[in-house]
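Below is work-v3.txt, which holds compact mmCIF, C-alpha atoms and all ligand atoms.
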```txt
# COMPACT_ATOMS: atom_id res chain seq x y z
CA VAL A 23 60.93 40.20 346.51
CA LEU A 24 57.87 41.52 344.67
CA ALA A 25 58.48 45.02 346.01
CA ALA A 26 62.09 44.86 344.81
CA LEU A 27 60.87 43.69 341.40
CA GLY A 28 58.26 46.47 341.24
CA VAL A 29 55.34 44.07 340.92
CA ARG A 30 52.08 45.56 342.21
CA HIS A 31 50.18 43.11 344.37
CA ALA A 32 47.57 42.56 347.06
CA PRO A 33 48.43 41.21 350.53
CA ALA A 34 49.03 37.45 350.80
CA GLN A 35 45.92 35.37 351.32
CA ARG A 36 45.78 31.69 352.07
CA GLY A 37 49.23 31.00 350.68
CA TRP A 38 48.97 33.11 347.53
CA ILE A 39 49.72 36.66 346.50
CA GLN A 40 47.65 38.05 343.64
CA GLY A 41 48.96 40.86 341.47
CA ASN A 42 49.30 42.47 338.06
CA CYS A 43 51.02 40.08 335.70
CA PRO A 44 54.66 41.02 335.03
CA PHE A 45 54.57 39.09 331.73
CA HIS A 46 51.86 41.03 329.92
CA ASP A 47 50.26 44.48 330.15
CA ASP A 48 47.82 43.52 332.86
CA LYS A 49 45.03 45.97 333.73
CA ASN A 50 43.40 43.70 336.33
CA PRO A 51 45.35 41.39 338.62
CA SER A 52 45.25 38.08 336.77
CA TRP A 53 48.55 36.67 338.02
CA ARG A 54 49.31 34.90 341.28
CA ILE A 55 52.33 33.54 343.10
CA ARG A 56 52.53 30.89 345.77
CA VAL A 57 54.04 31.84 349.14
CA THR A 58 53.67 28.52 350.94
CA ALA A 59 56.75 26.58 352.08
CA GLU A 60 56.16 24.02 349.40
CA ARG A 61 56.62 25.26 345.82
CA TYR A 62 57.46 28.70 347.17
CA GLY A 63 57.47 31.29 344.38
CA GLN A 64 55.63 29.20 341.80
CA HIS A 65 53.46 31.55 339.77
CA HIS A 66 51.12 31.71 336.80
CA CYS A 67 48.86 34.05 334.87
CA TRP A 68 45.33 33.17 333.85
CA ALA A 69 45.33 35.72 331.02
CA CYS A 70 48.63 35.19 329.16
CA LYS A 71 49.39 31.71 330.61
CA ALA A 72 52.91 32.70 331.63
CA GLY A 73 54.23 30.92 334.70
CA GLY A 74 57.15 29.19 336.35
CA THR A 75 59.54 29.49 339.22
CA LEU A 76 60.62 32.47 341.31
CA ALA A 77 63.99 32.52 339.52
CA GLY A 78 62.19 32.55 336.17
CA LEU A 79 60.14 35.53 337.29
CA VAL A 80 63.25 37.39 338.40
CA ALA A 81 65.06 36.56 335.13
CA HIS A 82 62.12 37.98 333.16
CA VAL A 83 61.60 41.16 335.17
CA ARG A 84 65.28 42.01 335.64
CA LYS A 85 66.19 40.80 332.14
CA VAL A 86 69.09 38.69 333.38
CA PRO A 87 70.14 35.07 332.69
CA LEU A 88 68.48 32.42 334.83
CA GLU A 89 71.74 31.67 336.66
CA GLU A 90 72.07 35.28 337.77
CA ALA A 91 68.39 35.36 338.72
CA ARG A 92 68.93 32.37 340.98
CA GLY A 93 71.69 34.23 342.81
CA TRP A 94 69.44 37.27 343.15
CA VAL A 95 66.70 35.09 344.63
CA GLY A 96 69.20 33.64 347.09
CA GLU A 97 70.04 37.15 348.27
CA HIS A 98 66.51 38.50 348.37
CA ALA A 99 64.19 35.59 349.10
CA GLU A 100 65.88 34.22 352.20
CA PRO A 101 64.03 34.94 355.44
CA GLU A 102 65.96 37.92 356.84
CA GLU A 103 65.56 36.76 360.40
CA ALA A 104 63.27 34.33 362.10
CA PRO A 105 60.32 36.55 363.12
CA ILE A 106 59.59 34.36 366.09
CA PRO A 107 60.23 35.47 369.64
CA GLU A 108 58.57 38.91 369.51
CA VAL A 109 55.29 37.78 368.00
CA VAL A 110 54.53 34.85 370.25
CA GLY A 111 52.00 35.93 372.79
CA VAL A 112 51.62 39.42 371.35
CA ASP A 113 50.06 39.39 367.90
CA LEU A 114 49.10 35.78 368.02
CA VAL A 115 46.77 35.77 370.98
CA ARG A 116 43.66 34.05 369.72
CA ARG A 117 40.70 36.34 370.05
CA ASP A 118 38.21 33.50 370.40
CA LEU A 119 39.92 32.14 373.49
CA LYS A 120 39.04 33.48 376.88
CA PRO A 121 42.32 33.38 378.78
CA GLY A 122 42.01 31.75 382.15
CA LYS A 123 38.75 29.98 381.33
CA PHE A 124 40.31 26.52 381.50
CA ARG A 125 40.49 24.77 384.85
CA LEU A 126 41.85 21.34 385.66
CA PRO A 127 38.95 19.12 386.70
CA PRO A 128 38.57 19.33 390.50
CA GLU A 129 39.17 15.60 391.00
CA VAL A 130 42.79 15.88 389.84
CA VAL A 131 45.24 15.47 392.71
CA ILE A 132 48.61 17.17 392.22
CA GLY A 133 51.43 16.49 394.64
CA PRO A 134 54.67 14.61 395.35
CA LEU A 135 54.83 11.04 394.08
CA ALA A 136 55.35 9.63 397.59
CA GLY A 137 51.85 10.78 398.53
CA TRP A 138 50.07 9.26 395.50
CA VAL A 139 47.59 6.40 395.90
CA THR A 140 49.31 3.09 395.22
CA PRO A 141 47.88 2.22 391.76
CA ALA A 142 48.70 5.68 390.41
CA ARG A 143 52.20 5.63 391.88
CA ALA A 144 52.81 2.09 390.64
CA TYR A 145 51.73 3.03 387.11
CA ALA A 146 53.90 6.15 387.05
CA GLN A 147 56.92 4.17 388.24
CA TRP A 148 56.23 1.41 385.72
CA ARG A 149 56.34 4.09 382.99
CA GLY A 150 59.72 5.14 384.39
CA ILE A 151 58.55 8.48 385.77
CA GLU A 152 60.70 9.62 388.69
CA ALA A 153 59.75 11.63 391.77
CA TRP A 154 61.70 14.71 390.61
CA GLN A 155 59.76 14.68 387.32
CA VAL A 156 56.41 14.54 389.14
CA GLU A 157 57.39 17.78 390.88
CA ARG A 158 59.11 19.41 387.92
CA TRP A 159 56.10 18.81 385.64
CA GLY A 160 53.34 19.12 388.24
CA LEU A 161 51.90 15.67 387.49
CA GLY A 162 48.83 14.25 389.18
CA TYR A 163 46.16 11.58 389.09
CA ALA A 164 42.44 11.13 389.74
CA VAL A 165 40.47 8.49 391.61
CA ASP A 166 37.06 10.18 391.28
CA GLY A 167 35.11 11.86 388.52
CA GLU A 168 35.54 11.59 384.76
CA LEU A 169 39.30 11.17 385.01
CA ALA A 170 39.16 8.43 387.65
CA GLY A 171 41.87 5.81 387.18
CA ARG A 172 44.09 8.10 385.13
CA LEU A 173 47.53 9.61 385.41
CA VAL A 174 46.98 13.30 384.67
CA VAL A 175 49.70 15.27 382.87
CA PRO A 176 48.64 18.92 382.98
CA VAL A 177 49.87 21.26 380.26
CA TRP A 178 50.93 24.24 382.35
CA ARG A 179 50.92 27.70 380.80
CA SER A 180 52.99 28.83 383.78
CA ALA A 181 53.40 27.48 387.29
CA GLY A 182 49.95 26.77 388.68
CA VAL A 183 48.05 27.89 385.57
CA ALA A 184 46.87 24.95 383.47
CA ALA A 185 46.02 25.31 379.77
CA SER A 186 45.09 21.69 379.05
CA TYR A 187 45.84 18.12 380.10
CA MET A 188 46.48 14.59 378.91
CA ALA A 189 45.04 11.81 381.06
CA ARG A 190 46.42 8.26 380.64
CA ASP A 191 44.31 5.37 381.87
CA PHE A 192 45.97 3.11 384.45
CA SER A 193 42.94 1.08 385.41
CA GLU A 194 42.79 -2.47 384.15
CA ASP A 195 39.52 -1.65 382.38
CA ARG A 196 40.04 -2.66 378.76
CA ARG A 197 37.06 -0.66 377.57
CA ALA A 198 38.61 2.60 378.82
CA ARG A 199 40.12 4.87 376.21
CA ARG A 200 43.86 5.00 376.77
CA TYR A 201 44.15 8.77 376.56
CA ARG A 202 41.68 11.50 377.36
CA TYR A 203 41.99 15.14 376.46
CA PRO A 204 39.71 18.02 377.47
CA ARG A 205 36.35 18.27 375.72
CA ALA A 206 35.82 21.37 373.56
CA GLU A 207 33.61 23.08 376.14
CA GLU A 208 36.35 22.83 378.77
CA GLY A 209 38.15 25.59 376.87
CA ALA A 210 41.65 24.13 376.72
CA ASP A 211 44.23 26.24 374.92
CA PRO A 212 45.83 24.27 372.04
CA THR A 213 48.60 26.83 371.64
CA VAL A 214 50.33 25.83 374.87
CA LEU A 215 52.78 22.94 374.63
CA PHE A 216 53.61 20.42 377.29
CA GLY A 217 57.22 21.26 378.07
CA GLN A 218 57.22 25.03 377.66
CA LEU A 219 56.80 25.44 381.44
CA ASN A 220 60.47 24.57 381.87
CA TRP A 221 61.97 26.08 378.73
CA PRO A 222 65.03 28.27 379.28
CA ASP A 223 64.81 32.00 378.55
CA GLU A 224 64.87 32.82 374.85
CA GLY A 225 68.54 33.80 374.78
CA ALA A 226 69.57 30.53 376.41
CA ARG A 227 67.64 28.13 374.15
CA ASP A 228 69.60 25.49 372.29
CA VAL A 229 68.16 22.01 371.70
CA LEU A 230 64.48 21.12 371.77
CA VAL A 231 63.26 17.54 371.48
CA VAL A 232 59.69 17.26 370.15
CA THR A 233 57.68 14.15 370.95
CA GLU A 234 54.02 13.26 370.49
CA GLY A 235 53.25 12.41 374.10
CA ALA A 236 54.41 13.72 377.45
CA LEU A 237 55.45 10.25 378.64
CA ASN A 238 57.95 10.06 375.78
CA ALA A 239 59.12 13.59 376.53
CA MET A 240 59.87 12.56 380.10
CA ALA A 241 61.70 9.42 378.89
CA VAL A 242 63.91 11.65 376.72
CA GLU A 243 64.44 13.98 379.65
CA ARG A 244 65.64 11.10 381.84
CA ALA A 245 67.95 9.83 379.12
CA VAL A 246 69.42 13.13 377.97
CA GLY A 247 69.31 15.10 381.23
CA ALA A 248 66.96 17.91 382.16
CA GLY A 249 69.58 20.59 381.56
CA GLU A 250 70.82 19.26 378.20
CA ALA A 251 67.71 19.57 376.05
CA ALA A 252 64.27 21.14 376.43
CA GLN A 253 61.05 19.24 375.82
CA ALA A 254 57.87 19.75 373.84
CA SER A 255 54.97 17.40 373.18
CA LEU A 256 52.48 17.91 370.40
CA GLY A 257 49.62 16.08 372.12
CA GLY A 258 46.95 14.18 370.29
CA SER A 259 45.85 16.45 367.45
CA GLY A 260 47.91 18.01 364.68
CA VAL A 261 50.41 20.84 364.92
CA HIS A 262 49.03 24.25 365.81
CA ALA A 263 50.73 27.06 363.87
CA ILE A 264 51.46 28.93 367.09
CA CYS A 265 53.10 25.82 368.53
CA ALA A 266 55.34 25.66 365.46
CA LEU A 267 56.32 29.30 366.03
CA LYS A 268 57.18 28.54 369.63
CA ILE A 269 59.19 25.45 368.66
CA ALA A 270 61.10 27.52 366.10
CA SER A 271 62.39 29.72 368.93
CA PHE A 272 64.98 26.95 369.46
CA PRO A 273 67.95 26.94 367.07
CA ARG A 274 68.14 23.14 367.08
CA VAL A 275 65.01 21.00 366.94
CA LEU A 276 64.94 17.21 367.02
CA VAL A 277 61.63 15.62 366.03
CA LEU A 278 61.11 12.30 367.78
CA THR A 279 57.56 11.32 366.88
CA ASP A 280 56.64 7.64 366.66
CA ASN A 281 57.65 5.77 363.52
CA ASP A 282 54.03 5.00 362.58
CA PRO A 283 51.57 6.69 360.17
CA ALA A 284 50.34 9.26 362.73
CA GLY A 285 53.87 10.03 363.89
CA ASN A 286 55.11 10.44 360.33
CA VAL A 287 52.26 12.81 359.47
CA ALA A 288 52.97 14.90 362.57
CA ALA A 289 56.70 15.00 361.75
CA GLY A 290 55.98 15.99 358.14
CA GLU A 291 53.58 18.74 359.13
CA LEU A 292 55.87 20.17 361.79
CA GLY A 293 58.90 19.85 359.50
CA ALA A 294 57.22 21.88 356.74
CA MET A 295 56.15 24.58 359.21
CA LEU A 296 59.63 24.81 360.73
CA ARG A 297 61.36 24.98 357.34
CA ALA A 298 59.02 27.82 356.36
CA LEU A 299 60.32 29.59 359.48
CA GLY A 300 63.92 29.10 358.40
CA ARG A 301 64.72 26.18 360.70
CA ARG A 302 66.24 22.86 359.66
CA PRO A 303 64.79 20.28 362.03
CA CYS A 304 66.32 16.82 362.44
CA ARG A 305 64.25 13.68 362.77
CA LEU A 306 65.14 10.73 364.91
CA ARG A 307 63.34 7.66 363.61
CA LEU A 308 63.01 4.78 366.02
CA LEU A 309 62.17 1.32 364.71
CA PRO A 310 58.48 0.87 363.85
CA GLY A 311 56.58 -0.02 367.02
CA GLU A 312 59.47 1.09 369.19
CA ASP A 313 58.80 3.75 371.79
CA ALA A 314 61.22 6.19 373.43
CA CYS A 315 59.92 4.84 376.75
CA ASP A 316 61.11 1.29 375.86
CA LEU A 317 64.71 2.18 375.02
CA ALA A 318 67.57 1.87 377.45
CA ARG A 319 68.62 5.31 378.63
CA ALA A 320 72.13 5.08 377.20
CA ASP A 321 70.77 4.01 373.79
CA LEU A 322 68.20 6.79 373.65
CA ARG A 323 70.78 9.33 374.76
CA ALA A 324 73.22 8.16 372.08
CA ALA A 325 70.51 8.18 369.41
CA VAL A 326 69.43 11.73 370.28
CA TRP A 327 72.92 13.19 370.10
CA ARG A 328 73.83 11.26 366.98
CA ALA A 329 70.69 12.52 365.23
CA LEU A 330 71.50 16.11 366.25
CA GLY A 331 75.11 15.88 365.16
CA GLY A 332 74.59 13.86 362.02
CA ASP A 333 73.00 14.61 358.70
CA VAL A 334 69.61 13.01 359.29
CA ARG A 335 67.44 15.89 358.15
CA LEU A 336 63.67 16.01 357.83
ZN ZN B 401 50.01 37.53 332.08
```
Represent the structure contained in this file as structure tokens.
Amino acid sequence: VLAALGVRHAPAQRGWIQGNCPFHDDKNPSWRIRVTAERYGQHHCWACKAGGTLAGLVAHVRKVPLEEARGWVGEHAEPEEAPIPEVVGVDLVRRDLKPGKFRLPPEVVIGPLAGWVTPARAYAQWRGIEAWQVERWGLGYAVDGELAGRLVVPVWRSAGVAASYMARDFSEDRRARRYRYPRAEEGADPTVLFGQLNWPDEGARDVLVVTEGALNAMAVERAVGAGEAAQASLGGSGVHAICALKIASFPRVLVLTDNDPAGNVAAGELGAMLRALGRRPCRLRLLPGEDACDLARADLRAAVWRALGGDVRL
């Protein structure tokens, strides 16, 4: 837009573009414009105090009425195409990560559910996990070491190559933390999502359901059907920008985070990132305290498709 308007400017930095003010004869760049998803195009000048919206800027520079400027913005400021699939894994490889450094702790046992030790198998079944999901998602457990007494859900980069894990306690020990994630020095890769292992090829992607935890993702998978919607889980900590890019490679995204403060923050963060990438995610809000794992399959299935078909937008 700025190029089309002939405004000289520096490259965007931390959500702002700085440039020579289009409202006064500016010798040094004293004007800046916001390029974040929120308040996109809001601008102001420290020297002459001019400022306003993107449409106001266009009206001033092109000397047209505001209404016409709005139309011009609509034509020029829309993302031309989602710049997603090509960049993932090419430009966005984090330089500070050593690929392949992460290893699942050696005590983790991966294998078919029938061969699991009884407490691990009983816990998995109590959470509704089925034998085909244990194989499809390469789930495991540990009876020794730091992860002893935990169901281990590896986050696979690709088959056999783990990037991280989530370990859910199934011991009766009340002092145990419910979830454990890798410590910083284990070198887990936060840009890999649980779920992406089984995503369809880019051309075949349709619906993605985003949950906070892998157990919820598997509950959705059982309810909706493995072939009907793909899965992604955000894990315990925030939304990584690269994860948002990956999620935006699906044309339809349903956000199914818990209806609690943490879940609402995660949904808000992800929603803003996806909208900045030109996507319009839907949110399915369960009742407060209600978990996807607790719902009857038919109810969860109906809720997912209604949220996707309806107008419930983030
Ligand atoms: Zn100015």
Measuring between all atoms listed in the file, which one of A:Val177, A:Ala241, A:Val29, A:Leu126 shows the shortest distance to Asp47 of chain A? A:Val29
Pick from A:Pro141, A:Gly96, A:Pro127, A:Gly74, whichever lies nearest to ligand ZN 401 (chain B) using all atoms listed in the file: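 Closest to ligand ZN 401 (chain B), using all atoms listed in the file: A:Gly74.
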Using all atoms listed in the file, determine which residues fall within 7 Å of ligand ZN 401 (chain B), then list them as a ChimeraX atom specification. /A:43-46,48,52-53,67-72
Provide the atom CA of Ala91 of chain A to atom CA of Leu24 of chain A distance in Å, to one decimal place.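 Calculated distance between atom CA of Ala91 of chain A and atom CA of Leu24 of chain A is 13.6 Å.
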Taking a cut-off of 10 Å and counting only C-alpha atoms, can you build a table that, for each residue of segment 203-313 of chain A near segment 146-155 of chain A, reports the nearest atom pair and how far apart they are in Å (one decimal), sorted by chain then residue number, as a Markdown table?
```
| residue | atom | partner | partner_atom | distance |
| --- | --- | --- | --- | --- |
| A:Leu237 | CA | A:Arg149 | CA | 7.6 |
| A:Asn238 | CA | A:Arg149 | CA | 9.5 |
| A:Met240 | CA | A:Ile151 | CA | 7.1 |
| A:Ala241 | CA | A:Gly150 | CA | 7.2 |
| A:Glu243 | CA | A:Gln155 | CA | 9.0 |
| A:Arg244 | CA | A:Ile151 | CA | 8.5 |
| A:Ala248 | CA | A:Gln155 | CA | 9.4 |
```
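Taking atom CA of Arg305 of chain A as the reference point, atom CA of Ala329 of chain A is found at 7.0 Å.
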Show me, as a list in words, the residues that have an atom within 9 Å of Val23 of chain A when counting all atoms listed in the file, minus same-chain residues fewer than 4 positions from it.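 Result of the neighbour search: Leu27, Gly28, Val29, Val80, Val95, His98 and Ala99 of chain A.
With atom CA of Pro134 of chain A on one side and atom CA of Tyr203 of chain A on the other, the separation reads 22.8 Å.
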